[in-house]
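Take a look at the structure set out below.
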Number of protein chains: 4
Amino acid sequence: MTVRVGIIGTGAIGREHARRIEQVLSGGKVVALSDVNATSAEAVRAEIARDARLFETGEALIASPDVDAVLVTSWGATHEQYVLAAIAAGKPCFCEKPLATTAEGARRIVDAEVAHGKRLVQVGFMRRYDAGYIALKQAVKSHTGAPILVHAAHRNPAVPEQYVTPMAIHDTLIHEIDVLRWLLDDDYVSARVLFPRKAARSHAKLRDPQVVVLETKKGVLIDVEIFVNCHYGYDIQCEVVGEDGIARLPEPMAVEMRLDAKRQNAILTDWKDRFIASYDVELQDFLKAAAAGTASGPTSWDGYVAAITSDACVEAQERAGEAVAITLPARPSLYN
Amino acid sequence: MTVRVGIIGTGAIGREHARRIEQVLSGGKVVALSDVNATSAEAVRAEIARDARLFETGEALIASPDVDAVLVTSWGATHEQYVLAAIAAGKPCFCEKPLATTAEGARRIVDAEVAHGKRLVQVGFMRRYDAGYIALKQAVKSHTGAPILVHAAHRNPAVPEQYVTPMAIHDTLIHEIDVLRWLLDDDYVSARVLFPRKAARSHAKLRDPQVVVLETKKGVLIDVEIFVNCHYGYDIQCEVVGEDGIARLPEPMAVEMRLDAKRQNAILTDWKDRFIASYDVELQDFLKAAAAGTASGPTSWDGYVAAITSDACVEAQERAGEAVAITLPARPSLYN
Amino acid sequence: MTVRVGIIGTGAIGREHARRIEQVLSGGKVVALSDVNATSAEAVRAEIARDARLFETGEALIASPDVDAVLVTSWGATHEQYVLAAIAAGKPCFCEKPLATTAEGARRIVDAEVAHGKRLVQVGFMRRYDAGYIALKQAVKSHTGAPILVHAAHRNPAVPEQYVTPMAIHDTLIHEIDVLRWLLDDDYVSARVLFPRKAARSHAKLRDPQVVVLETKKGVLIDVEIFVNCHYGYDIQCEVVGEDGIARLPEPMAVEMRLDAKRQNAILTDWKDRFIASYDVELQDFLKAAAAGTASGPTSWDGYVAAITSDACVEAQERAGEAVAITLPARPSLYN
Amino acid sequence: MTVRVGIIGTGAIGREHARRIEQVLSGGKVVALSDVNATSAEAVRAEIARDARLFETGEALIASPDVDAVLVTSWGATHEQYVLAAIAAGKPCFCEKPLATTAEGARRIVDAEVAHGKRLVQVGFMRRYDAGYIALKQAVKSHTGAPILVHAAHRNPAVPEQYVTPMAIHDTLIHEIDVLRWLLDDDYVSARVLFPRKAARSHAKLRDPQVVVLETKKGVLIDVEIFVNCHYGYDIQCEVVGEDGIARLPEPMAVEMRLDAKRQNAILTDWKDRFIASYDVELQDFLKAAAAGTASGPTSWDGYVAAITSDACVEAQERAGEAVAITLPARPSLYN
């Protein structure tokens with residue numbers, strides 16, 4: 001069965017997903033497109049999805065009987081409404097992060113999905129599909145013994161001036177928030193932020209770098225360095241210290257060269273290259289589940305928990321050095 | 001456009017390719033199956049390709065108007081006849097190695113394709129599609145300067161008793177023969193084989209390990225260690241020494257662990273895992289070219305040259321220590 | 001000139017230093033020995049330093065006109081008195097850590113040395129002489145730009161039951177306390193300790209592992225994982241994140257092997273092997289300075305600052321999560 | 001006991017050894033110096049060995065009753081006569097390579113030492129004292145199983161015009177010739193040289209790079225790449241392939257940095273830095289044995305075998321591609 005996909009939002013990421021479905025993945029077809037900018041939707045139809053129909057609104061696209069499943073890749077503030085509409089229509093829905101711009105919004109989605117009684121939503125936390133993280137999780141499970149500490153880093157060469165301190169949580173740490181919960185199969189109970197001196201390349205409205213310390217229910221202590229002006233490259237590090245040993249996220253593949261008196265391996269500089277393969281895998285997973293009328297991978301609940309945790313981390317930034325408690329509501333059984 | 005694929009030979013590799021086309025890749029559909037063992041073909045239809053039609057002979061499958069492109073994954077001795085039939089039918093054809101069991105057979109395919117006037121054949125040399133080799137080729141092109149030496153190794157943990165000395169060329173070195181030509185954009189002019197003492201685990205009819213030394217037209221000297229009873233793992237190494245520096249084939253991704261007083265990364269033990277991703281990429285490339293009525297990737301000519309080179313290497317095994325000349329006919333312009 | 005050395009305390013470390021001076025290093029000779037256990041001193045004379053004279057007390061040894069310089073390798077609680085006596089005698093003195101068992105005691109030594117007006121004391125912080133740390137310091141100076149963050153770890157496979165929580169500071173972290181000050185050319189302003197859940201192998205009176213967070217005057221944020229039941233090996237890690245890049249302490253030399261489906265390098269398991277070469281270098285440095293009637297390397301002031309910092313860290317253990325301020329007196333000009 | 005050392009030849013290497021004995025090592029003293037250039041000897045006395053006496057000839061130095069042991073660090077062509085004189089005087093003698101400029105000369109030294117009945121000569125093959133090679137030998141003994149293949153490389157950034165093809169053997173490969181015999185505890189039976197095209201940076205009278213293939217009595221096949229215009233650095237590689245696994249010579253210690261979109265470790269560029277620590281260890285070994293009136297480490301026999309092997313390799317260069325047999329006389333029991 002071929003899943004007939006409608007895409008709401010045809011900017012960079014929507015276009016990329018359209019290309020994946022049409023040219024890379026198996027089992028899907030882009031049949032519907034919608035964007036507030038009709039020219040953009042038209043361009044994606046012309047270049048990538050010739051057979052797709054254009055819709056004036058996301059809601060109309062969702063309602064179309066020709067659409068089996070929905071991709072929400074529009075502007076973040078509109079995610080909630082489209083996801084809720086997809087749930088109302090009973091259609092599987094892949095939603096790029098954030099699931100909603102507030103924890104309350106994410107909660108409404110969770111409630112709607114729970115009321116529906118079956119999973120329909122996959123949130124676009126692609127790191128869970130990264131071969132490195134998957135191998136790391138397997139190594140922890142098989143070899144290191146129960147985790148006690150995690151040392152992580154999220155480094156970016158530079159950010160524009162509009163990137164202000166809370167964005168280090170909402171746009172950057174958000175990925176570690178989700179993937180470490182998944183990696184550890186655990187939940188957070190507190191967050192704390194520690195600031196060293198500001199890096200010289202940090203903009204006026206940004207305290208960079210910073211170290212976010214998270215504690216989990218099982219007692220794991222996590223430190224994540226966020227350094228978005230690290231200059232040297234885009235670099236994601238993760239090391240899990242367990243009872244018996246340590247496992248480390250693999251470096252991206254790179255040719256070792258001996259040149260100019262250096263043994264050297266290239267480091268990526270563009271975040272888009274780091275998890276490029278993961279986008280394929282996550283979307284294939286979506287198509288496979290959608291063919292069965294449901295959803296797989298990161299859930300609405302995961303999106304909701306990420307929102308709650310992010311809010312606590314931002315508060316922790318404002319109360320530098322103090323631990324901010326993270327309290328989660330009971331997890332609906334749908335997500336067990 | 002969806003390419004309608006017929007598969008001749010539904011053993012392990014044919015079945016895997018069927019699965020790829022049906023479940024992983026974009027743009028193809030398995031519509032026809034044929035195998036001398038009808039039960040095998042029926043099983044693939046039942047489990048993977050429900051809509052496929054079974055054919056009693058490969059020739060009948062090739063002749064079917066419902067088949068756009070052909071995969072030849074049957075027993076090696078039958079490859080030549082099916083590939084020739086596909087060319088005669090003007091249909092794109094992916095053929096697993098060997099293209100033919102003799103250089104003369106491969107030559108007949110080349111001649112038929114040249115007579116047809118357009119590329120139709122892709123040979124299953126999947127290493128050219130490995131991300132590591134592609135990165136290595138790029139590194140050589142961009143950084144090391146012109147190659148002068150290549151040091152390579154092809155190691156396998158163990159082989160069964162029926163694996164005899166010439167198979168180290170035909171079944172094992174064959175991959176280096178092709179991929180190093182491609183890597184260097186060069187051709188071989190001589191082969192020499194050097195034998196150390198035999199490894200204790202080597203069977204009676206196998207001299208293992210051995211070092212094959214190849215020289216190229218451009219003057220590159222290549223040494224390839226073949227050690228198929230190396231015990232410790234399946235390990236493919238390749239290092240290119242150029243005028244300005246050295247580049248080395250990346251190791252397969254593995255989690256670095258600290259355990260039991262060792263920093264350690266797993267080494268693969270099964271050859272099937274090493275180039276697993278490359279099979280996807282090569283077959284996607286085939287589907288893409290087949291949709292345009294032609295073929296891409298490794299050519300009939302590459303298969304023919306590999307056969308000539310293999311024959312010289314086997315002769316070099318028999319005349320241990322001596323250089324055996326490799327003389328290639330003129331390359332038809334179709335392959336430039 | 002050959003420096004005539006007297007050694008107070010002939011236990012394991014005193015004996016090792018005697019061996020170094022007699023058999024490895026240049027420019028020194030062991031002429032005097034003293035230990036509360038006369039049998040121990042006699043054994044070192046018999047086996048290593050045949051020409052040495054035995055003294056009943058450390059004070060008598062220090063007073064001997066045949067002794068040019070003194071090594072204090074006795075029980076920690078006696079260090080202060082011998083170092084003060086050596087200063088009073090105007091003789092260069094190498095003192096193993098701790099310089100004194102209290103910050104006040106260390107202060108008395110600083111004051112005595114300052115009153116003497118010339119450096120006479122070297123404290124046994126051997127890591128400053130480790131080739132790896134020296135290379136790291138050079139890399140930071142030359143390449144990474146000004147430091148902003150340091151991530152460090154001090155891991156030991158196991159500790160005996162008498163090793164209680166504060167010893168993680170006094171016996172373990174003490175080395176990072178000194179070497180990171182030296183590495184960064186900086187001083188601490190606060191300490192904070194964070195505890196994950198306790199490791200299963202941790203004894204009843206030990207909270208292990210823990211993360212000590214130190215802030216420096218220049219605004220560098222340091223996290224040091226201390227994990228003395230890490231099981232897998234003795235492992236010292238240090239990574240400096242600077243404005244332009246990152247530098248990492250080299251791993252100890254180890255042969256890379258491919259065995260049993262693993263690429264592997266041995267990790268040390270005994271702390272005594274990790275800095276073995278540094279002891280030679282520090283003591284050679286002492287002999288060289290002693291020949292000129294003075295001292296080099298880590299100062300009394302360094303020992304004093306380490307004592308103040310340790311006290312703050314122990315307090316921080318007791319007030320888990322809170323930052324404890326570290327206030328240093330003015331540095332006497334002798335130590336600039 | 002302090003060994004009173006006389007040094008014949010006070011050029012760069014003789015001066016360095018004087019410095020070692022006076023300032024770094026234990027148990028020796030430089031008491032005599034001699035050089036054809038009296039100014040050079042006087043300078044070493046003035047700067048390093050104030051108490052040394054100058055001798056007009058090496059023979060006079062050797063004859064002096066104040067000299068216990070001799071270092072021959074003069075021009076290569078004079079080594080034989082001084083070593084023979086030292087043996088005649090019954091004095092331990094350290095001789096830098098070559099032991100003699102011809103195999104016949106080395107043989108005369110062997111015969112003299114055998115006639116003397118006790119070891120007196122250590123040849124300056126310092127690699128045997130390198131911590132990396134020692135660890136590699138241990139790894140092979142403990143882990144890899146019996147060796148079957150060795151892949152080695154000796155790379156130098158550049159050489160001057162006077163460095164001609166045979167020097168690649170006499171000055172460069174000579175180190176591998178000795179250290180691999182020692183590593184494998186084996187002897188050579190044949191040599192073969194294979195040439196790729198000449199590197200662009202290679203001078204007119206030099207064929208560079210080249211691959212020397214050696215076979216041993218035990219059947220080990222060794223390939224050594226010699227590339228003295230490799231441009232990128234000074235790089236010594238050695239990999240031993242055994243029955244059960246592989247061990248590799250460690251890289252020299254280097255700080256891993258992340259800079260400029262590269263993970264990078266410095267590669268040495270000056271050969272003098274690569275084995276710098278080994279010179280200390282070899283000379284300490286000499287002093288220790290000399291104190292007992294004998295010699296340790298690489299023997300006259302090793303020097304003789306290296307000379308025979310070198311001659312065969314040079315012949316193999318002239319007969320490119322052919323195997324040249326290496327036949328050794330019976331080994332005197334003194335060297336068992």
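The way I read the labels, and the way they are meant: chains A, B, ... in the order of the structure tokens, residue 1 as the first residue of every chain, and ligand 1 as the first ligand shown, with later ones counted on from there.
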Just the residues within 12 Å of D:Ser202, please, counting only C-alpha atoms, with nothing from its chain fewer than 6 positions along; format it as number ranges by chain. B: 243; D: 156-165, 208-210, 227-231
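Note that DSSP on the backbone gives helix (DSSP H, G or I) to these residues of stretch 180-224 of chain A: Leu180, Arg181, Trp182, Leu183 and Leu184 of chain A.
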Each residue of chain B lying at most 10 Å from chain A should get a row with its shortest atom-to-atom pair and the distance in Å to one decimal, counting only C-alpha atoms; could you produce that, ordered by chain and increasing number, as a tab-separated table?
```
residue	atom	partner	partner_atom	distance
B:Arg20	CA	A:Ser26	CA	9.0
B:Ile21	CA	A:Ser26	CA	8.0
B:Glu22	CA	A:Ser26	CA	7.1
B:Gln23	CA	A:Ser26	CA	5.6
B:Val24	CA	A:Ser26	CA	5.1
B:Leu25	CA	A:Ser26	CA	5.1
B:Ser26	CA	A:Ser26	CA	4.9
B:Gly27	CA	A:Gln23	CA	7.1
B:Gly28	CA	A:Ser26	CA	8.9
B:Ala131	CA	A:Met253	CA	8.5
B:Gly132	CA	A:Val255	CA	7.5
B:Tyr133	CA	A:Val255	CA	9.2
B:Ile134	CA	A:Val255	CA	9.9
B:Ala135	CA	A:Val255	CA	6.5
B:Leu136	CA	A:Val255	CA	6.1
B:Lys137	CA	A:Val255	CA	9.6
B:Gln138	CA	A:Val255	CA	9.3
B:Ala139	CA	A:Val255	CA	7.1
B:Val140	CA	A:Met257	CA	9.3
B:His143	CA	A:Leu259	CA	7.9
B:Thr144	CA	A:Leu259	CA	7.3
B:Glu239	CA	A:Met257	CA	9.4
B:Val240	CA	A:Met257	CA	9.5
B:Val241	CA	A:Arg258	CA	9.3
B:Asp244	CA	A:Leu259	CA	6.7
B:Gly245	CA	A:Leu259	CA	4.8
B:Ile246	CA	A:Arg258	CA	5.0
B:Ala247	CA	A:Met257	CA	4.4
B:Arg248	CA	A:Glu256	CA	5.5
B:Leu249	CA	A:Val255	CA	6.0
B:Pro250	CA	A:Val255	CA	5.3
B:Glu251	CA	A:Met253	CA	8.0
B:Pro252	CA	A:Met253	CA	7.9
B:Met253	CA	A:Pro250	CA	6.6
B:Ala254	CA	A:Pro250	CA	6.2
B:Val255	CA	A:Pro250	CA	5.2
B:Glu256	CA	A:Arg248	CA	5.5
B:Met257	CA	A:Ala247	CA	4.4
B:Arg258	CA	A:Ile246	CA	5.0
B:Leu259	CA	A:Gly245	CA	4.9
B:Asp260	CA	A:Gly245	CA	7.7
B:Ala261	CA	A:Gly245	CA	9.2
B:Lys262	CA	A:Gly245	CA	9.7
B:Arg263	CA	A:Ile246	CA	9.2
B:Gln264	CA	A:Ala247	CA	9.5
B:Asn265	CA	A:Ala247	CA	9.7
B:Val281	CA	A:Val24	CA	9.9
B:Gln284	CA	A:Val24	CA	8.2
B:Lys288	CA	A:Gln23	CA	9.1
```
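Here atom CA of C:Ala112 stands at a distance of 12.3 Å from atom CA of C:Tyr82.
You will find atom CA of C:Tyr304 at 8.7 Å from atom CA of C:Thr102.
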6 Å contact set for stretch 196-199 of chain A, only C-alpha atoms, chain neighbours under 6 positions out, as a ChimeraX atom specification: /A:207-208 /C:219-221
Which residues come within 12 Å of C:Ile174, counting only C-alpha atoms, excluding same-chain residues fewer than 5 positions away, as an NGL selection string? :C and (97-99 or 124-127 or 154 or 166-169 or 179-181 or 212 or 224 or 226 or 302-314)
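On the backbone of this structure, DSSP gives strand (DSSP E or B) within stretch 35-175 of chain D to Arg53, Leu54, Phe55, Ala69, Val70, Leu71, Val72, Cys93, Phe94, Cys95, Val121, Gln122, Val123, Pro147, Ile148, Leu149, Val150, His151, Ala152, Ala153, His154 and Arg155 of chain D.
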What's around D:Glu42 at 12 Å? Count only C-alpha atoms, leave out sequence neighbours fewer than 4 positions away in its own chain, and write the answer as a compact mmCIF listing (two decimals) with all heavy atoms, in the first residue's frame.
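The resulting file, part.txt, is shown below:
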```txt
# COMPACT_ATOMS: atom_id res chain seq x y z
N GLY D 9 84.88 11.46 18.92
CA GLY D 9 83.97 12.09 17.96
C GLY D 9 82.99 12.99 18.70
O GLY D 9 82.08 12.49 19.35
N THR D 10 83.19 14.29 18.59
CA THR D 10 82.36 15.22 19.38
C THR D 10 81.48 16.08 18.50
O THR D 10 81.20 17.24 18.80
CB THR D 10 83.26 16.10 20.28
OG1 THR D 10 84.21 16.74 19.43
CG2 THR D 10 83.96 15.29 21.34
N GLY D 11 81.04 15.52 17.38
CA GLY D 11 80.03 16.20 16.56
C GLY D 11 78.69 16.16 17.26
O GLY D 11 78.62 15.92 18.47
N ARG D 15 78.28 15.01 21.14
CA ARG D 15 77.95 16.09 22.08
C ARG D 15 76.66 15.75 22.84
O ARG D 15 76.57 15.92 24.05
CB ARG D 15 77.78 17.39 21.32
CG ARG D 15 77.10 18.50 22.11
CD ARG D 15 76.87 19.74 21.24
NE ARG D 15 78.12 20.46 21.04
CZ ARG D 15 78.48 21.54 21.77
NH1 ARG D 15 77.69 21.99 22.74
NH2 ARG D 15 79.61 22.15 21.53
N ALA D 32 86.98 11.82 29.15
CA ALA D 32 87.93 11.96 28.04
C ALA D 32 87.18 12.25 26.75
O ALA D 32 86.09 11.75 26.53
CB ALA D 32 88.73 10.65 27.89
N LEU D 33 87.80 13.11 25.93
CA LEU D 33 87.20 13.50 24.65
C LEU D 33 88.28 13.51 23.59
O LEU D 33 89.44 13.85 23.87
CB LEU D 33 86.60 14.91 24.76
CG LEU D 33 85.44 15.11 25.73
CD1 LEU D 33 85.22 16.59 26.00
CD2 LEU D 33 84.17 14.48 25.18
N SER D 34 87.87 13.17 22.37
CA SER D 34 88.82 13.24 21.27
C SER D 34 88.06 13.51 19.99
O SER D 34 86.97 12.99 19.79
CB SER D 34 89.59 11.91 21.15
OG SER D 34 90.39 11.93 20.00
N ASP D 35 88.65 14.35 19.15
CA ASP D 35 88.03 14.60 17.85
C ASP D 35 89.11 15.08 16.89
O ASP D 35 90.07 15.73 17.32
CB ASP D 35 86.92 15.67 17.98
CG ASP D 35 85.98 15.64 16.79
OD1 ASP D 35 86.37 16.14 15.70
OD2 ASP D 35 84.85 15.08 16.91
N VAL D 36 88.95 14.73 15.63
CA VAL D 36 89.92 15.24 14.64
C VAL D 36 89.89 16.77 14.65
O VAL D 36 90.89 17.42 14.38
CB VAL D 36 89.63 14.72 13.22
CG1 VAL D 36 89.96 13.24 13.13
CG2 VAL D 36 88.18 14.97 12.83
N ASN D 37 88.76 17.31 14.99
CA ASN D 37 88.65 18.76 15.11
C ASN D 37 88.77 19.10 16.61
O ASN D 37 87.80 19.01 17.37
CB ASN D 37 87.29 19.18 14.56
CG ASN D 37 87.03 20.67 14.74
OD1 ASN D 37 87.76 21.35 15.45
ND2 ASN D 37 85.97 21.15 14.11
N ALA D 38 89.96 19.50 17.02
CA ALA D 38 90.23 19.73 18.45
C ALA D 38 89.32 20.82 19.02
O ALA D 38 88.94 20.78 20.20
CB ALA D 38 91.70 20.09 18.66
N ALA D 46 84.30 22.46 27.47
CA ALA D 46 83.99 23.74 28.11
C ALA D 46 82.52 23.82 28.50
O ALA D 46 82.17 24.33 29.58
CB ALA D 46 84.34 24.88 27.16
N GLU D 47 81.66 23.29 27.67
CA GLU D 47 80.22 23.49 27.90
C GLU D 47 79.56 22.37 28.68
O GLU D 47 78.58 22.58 29.37
CB GLU D 47 79.51 23.65 26.55
CG GLU D 47 79.91 24.93 25.83
CD GLU D 47 79.52 24.90 24.35
OE1 GLU D 47 78.49 24.30 24.06
OE2 GLU D 47 80.27 25.47 23.53
N ILE D 48 80.09 21.16 28.56
CA ILE D 48 79.36 20.02 29.12
C ILE D 48 80.18 19.20 30.11
O ILE D 48 79.66 18.79 31.15
CB ILE D 48 78.87 19.10 27.97
CG1 ILE D 48 77.91 19.88 27.07
CG2 ILE D 48 78.19 17.86 28.53
CD1 ILE D 48 77.53 19.16 25.80
N ALA D 49 81.41 18.95 29.77
CA ALA D 49 82.19 18.00 30.57
C ALA D 49 83.48 18.66 31.05
O ALA D 49 84.57 18.36 30.54
CB ALA D 49 82.47 16.74 29.74
N ARG D 50 83.37 19.52 32.01
CA ARG D 50 84.50 20.37 32.46
C ARG D 50 85.72 19.57 32.93
O ARG D 50 86.84 20.03 32.83
CB ARG D 50 84.02 21.24 33.64
CG ARG D 50 82.89 22.18 33.29
CD ARG D 50 83.41 23.57 33.06
NE ARG D 50 82.32 24.39 32.51
CZ ARG D 50 81.79 25.43 33.14
NH1 ARG D 50 82.24 25.79 34.34
NH2 ARG D 50 80.83 26.12 32.57
N ASP D 51 85.46 18.39 33.46
CA ASP D 51 86.57 17.61 34.01
C ASP D 51 87.22 16.69 32.99
O ASP D 51 88.15 15.96 33.32
CB ASP D 51 86.06 16.75 35.20
CG ASP D 51 85.43 17.62 36.28
OD1 ASP D 51 85.79 18.80 36.39
OD2 ASP D 51 84.54 17.10 37.00
N ALA D 52 86.72 16.71 31.77
CA ALA D 52 87.24 15.76 30.78
C ALA D 52 88.63 16.18 30.30
O ALA D 52 88.95 17.36 30.23
CB ALA D 52 86.28 15.65 29.60
N ARG D 53 89.43 15.18 29.94
CA ARG D 53 90.76 15.42 29.38
C ARG D 53 90.66 15.23 27.87
O ARG D 53 89.92 14.38 27.39
CB ARG D 53 91.70 14.37 29.99
CG ARG D 53 93.15 14.56 29.63
CD ARG D 53 94.02 13.53 30.38
NE ARG D 53 95.17 13.20 29.58
CZ ARG D 53 95.89 12.09 29.70
NH1 ARG D 53 95.56 11.18 30.61
NH2 ARG D 53 96.94 11.88 28.93
N LEU D 54 91.40 16.04 27.13
CA LEU D 54 91.36 15.91 25.68
C LEU D 54 92.51 15.01 25.21
O LEU D 54 93.62 15.10 25.74
CB LEU D 54 91.48 17.28 25.02
CG LEU D 54 90.41 18.31 25.38
CD1 LEU D 54 90.51 19.53 24.47
CD2 LEU D 54 89.01 17.69 25.25
N PHE D 55 92.17 14.17 24.23
CA PHE D 55 93.21 13.30 23.66
C PHE D 55 93.36 13.60 22.18
O PHE D 55 92.39 13.90 21.50
CB PHE D 55 92.81 11.82 23.85
CG PHE D 55 92.93 11.34 25.26
CD1 PHE D 55 91.92 11.57 26.18
CD2 PHE D 55 94.08 10.68 25.69
CE1 PHE D 55 92.04 11.14 27.49
CE2 PHE D 55 94.21 10.25 27.00
CZ PHE D 55 93.20 10.48 27.91
N GLU D 56 94.59 13.48 21.71
CA GLU D 56 94.83 13.80 20.30
C GLU D 56 94.28 12.73 19.37
O GLU D 56 93.86 13.02 18.27
CB GLU D 56 96.34 13.98 20.05
CG GLU D 56 96.87 15.25 20.69
CD GLU D 56 98.06 15.82 19.91
OE1 GLU D 56 98.43 15.23 18.86
OE2 GLU D 56 98.59 16.84 20.36
```
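The two atoms in question, atom CA of A:Ile236 and atom CA of A:Asp223, are spaced 13.2 Å apart.
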Which residues, written as a PyMOL selection string, have at least one atom at most 8 Å from C:Gly6, with only C-alpha atoms counted and residues fewer than 4 positions away on the same chain left out? chain C and resi 30-34+61-62+67-71
N, CA, C and O atoms of the current selection, written as a short mmCIF file (atom, residue, chain, number, x, y, z; two decimals), in the first residue's frame:
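Now in out_10.cif:
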```cif
data_model
loop_
_atom_site.label_atom_id
_atom_site.label_comp_id
_atom_site.auth_asym_id
_atom_site.auth_seq_id
_atom_site.Cartn_x
_atom_site.Cartn_y
_atom_site.Cartn_z
N VAL C 30 72.08 9.64 47.53
CA VAL C 30 71.38 9.48 48.81
C VAL C 30 72.42 9.22 49.89
O VAL C 30 73.07 8.18 49.91
N VAL C 31 72.56 10.19 50.82
CA VAL C 31 73.61 10.09 51.84
C VAL C 31 73.03 9.89 53.24
O VAL C 31 73.78 9.62 54.18
N ALA C 32 71.71 10.06 53.36
CA ALA C 32 71.13 9.97 54.70
C ALA C 32 69.72 9.44 54.61
O ALA C 32 68.97 9.77 53.68
N LEU C 33 69.34 8.62 55.59
CA LEU C 33 68.00 8.04 55.63
C LEU C 33 67.48 8.09 57.06
O LEU C 33 68.25 7.94 58.01
N SER C 34 66.17 8.26 57.17
CA SER C 34 65.57 8.23 58.50
C SER C 34 64.14 7.74 58.38
O SER C 34 63.44 8.08 57.43
N LEU C 61 68.68 14.35 60.80
CA LEU C 61 69.08 14.23 59.39
C LEU C 61 69.19 15.61 58.75
O LEU C 61 70.17 15.92 58.07
N ILE C 62 68.17 16.42 58.97
CA ILE C 62 68.17 17.76 58.37
C ILE C 62 69.37 18.57 58.84
O ILE C 62 69.99 19.33 58.08
N VAL C 67 74.26 16.67 54.61
CA VAL C 67 73.02 16.66 53.83
C VAL C 67 72.80 18.02 53.18
O VAL C 67 72.71 19.04 53.88
N ASP C 68 72.71 18.02 51.83
CA ASP C 68 72.48 19.28 51.11
C ASP C 68 70.99 19.56 50.92
O ASP C 68 70.58 20.72 50.84
N ALA C 69 70.22 18.50 50.78
CA ALA C 69 68.79 18.68 50.43
C ALA C 69 68.00 17.52 51.03
O ALA C 69 68.55 16.43 51.25
N VAL C 70 66.70 17.78 51.24
CA VAL C 70 65.89 16.84 52.00
C VAL C 70 64.66 16.41 51.20
O VAL C 70 64.02 17.23 50.54
N LEU C 71 64.35 15.12 51.28
CA LEU C 71 63.09 14.60 50.74
C LEU C 71 62.20 14.22 51.91
O LEU C 71 62.60 13.38 52.73
#
```
Residue contacts of D:Leu268 (8 Å, only C-alpha atoms) excluding same-chain residues fewer than 5 positions away, as a PDB file with C-alpha atoms, in the first residue's frame:
```pdb
ATOM      1  CA  ALA A 261      52.208  17.507   9.766  1.00  0.00           C
TER       2      ALA A 261
ATOM      3  CA  GLY D 233      55.919  14.533   8.173  1.00  0.00           C
ATOM      4  CA  TYR D 234      58.317  12.071   9.735  1.00  0.00           C
ATOM      5  CA  ASP D 235      56.269   8.970  10.243  1.00  0.00           C
ATOM      6  CA  ASP D 273      62.303  14.038  17.869  1.00  0.00           C
ATOM      7  CA  ARG D 274      60.914  10.590  17.125  1.00  0.00           C
TER       8      ARG D 274
END
```
Calculated over only C-alpha atoms, which of the candidates A:Ala292, A:Ala106, A:Leu173, A:Ile326 has the smallest distance to A:Glu215? A:Ile326
